[in-house]
Amino acid sequence: MVYFLPEFKTVDFFLKIEGDEDQIILNNIVIKLNTIDLITTVYAVDKSRIKSKNNLIF
């Protein structure tokens with residue numbers, strides 16, 4: 001089986017957010033996504049934990 005990011009095999013979906021990190025309030029995004037009933041779990045991933053960053057370039 002091939003994984004988009006092999007280090008996160010149990011993750012079904014990723015939301016990649018680009019922009020000025022000072023303007024993006026990541027915690028607010030996580031809180032709002034967690035209020036959606038059909039979403040089970042939401043968490044932010046530290047960029048340093050992503051080993052296969054080249055898979056994120058489209």
# chains A, B, ... in the order shown; residues from 1 in each chain; ligands from 1
$ residues_around --residues "Tyr43 in chain A" --least-positions-apart "4" --cutoff "10 Å" --atoms "only C-alpha atoms" --output "PDB file with C-alpha atoms, in the first residue's frame"
ATOM      1  CA  PHE A  14      -4.673  16.436   5.424  1.00  0.00           C
ATOM      2  CA  LEU A  26      -4.144  27.637  13.633  1.00  0.00           C
ATOM      3  CA  ASN A  27      -5.737  26.937  16.994  1.00  0.00           C
ATOM      4  CA  ILE A  29      -9.082  26.536  12.712  1.00  0.00           C
ATOM      5  CA  VAL A  30      -8.622  23.338  14.731  1.00  0.00           C
ATOM      6  CA  ILE A  31     -11.379  24.338  17.168  1.00  0.00           C
ATOM      7  CA  LEU A  33     -13.133  21.947  12.485  1.00  0.00           C
ATOM      8  CA  ASN A  34     -13.701  19.965  15.696  1.00  0.00           C
TER       9      ASN A  34
END
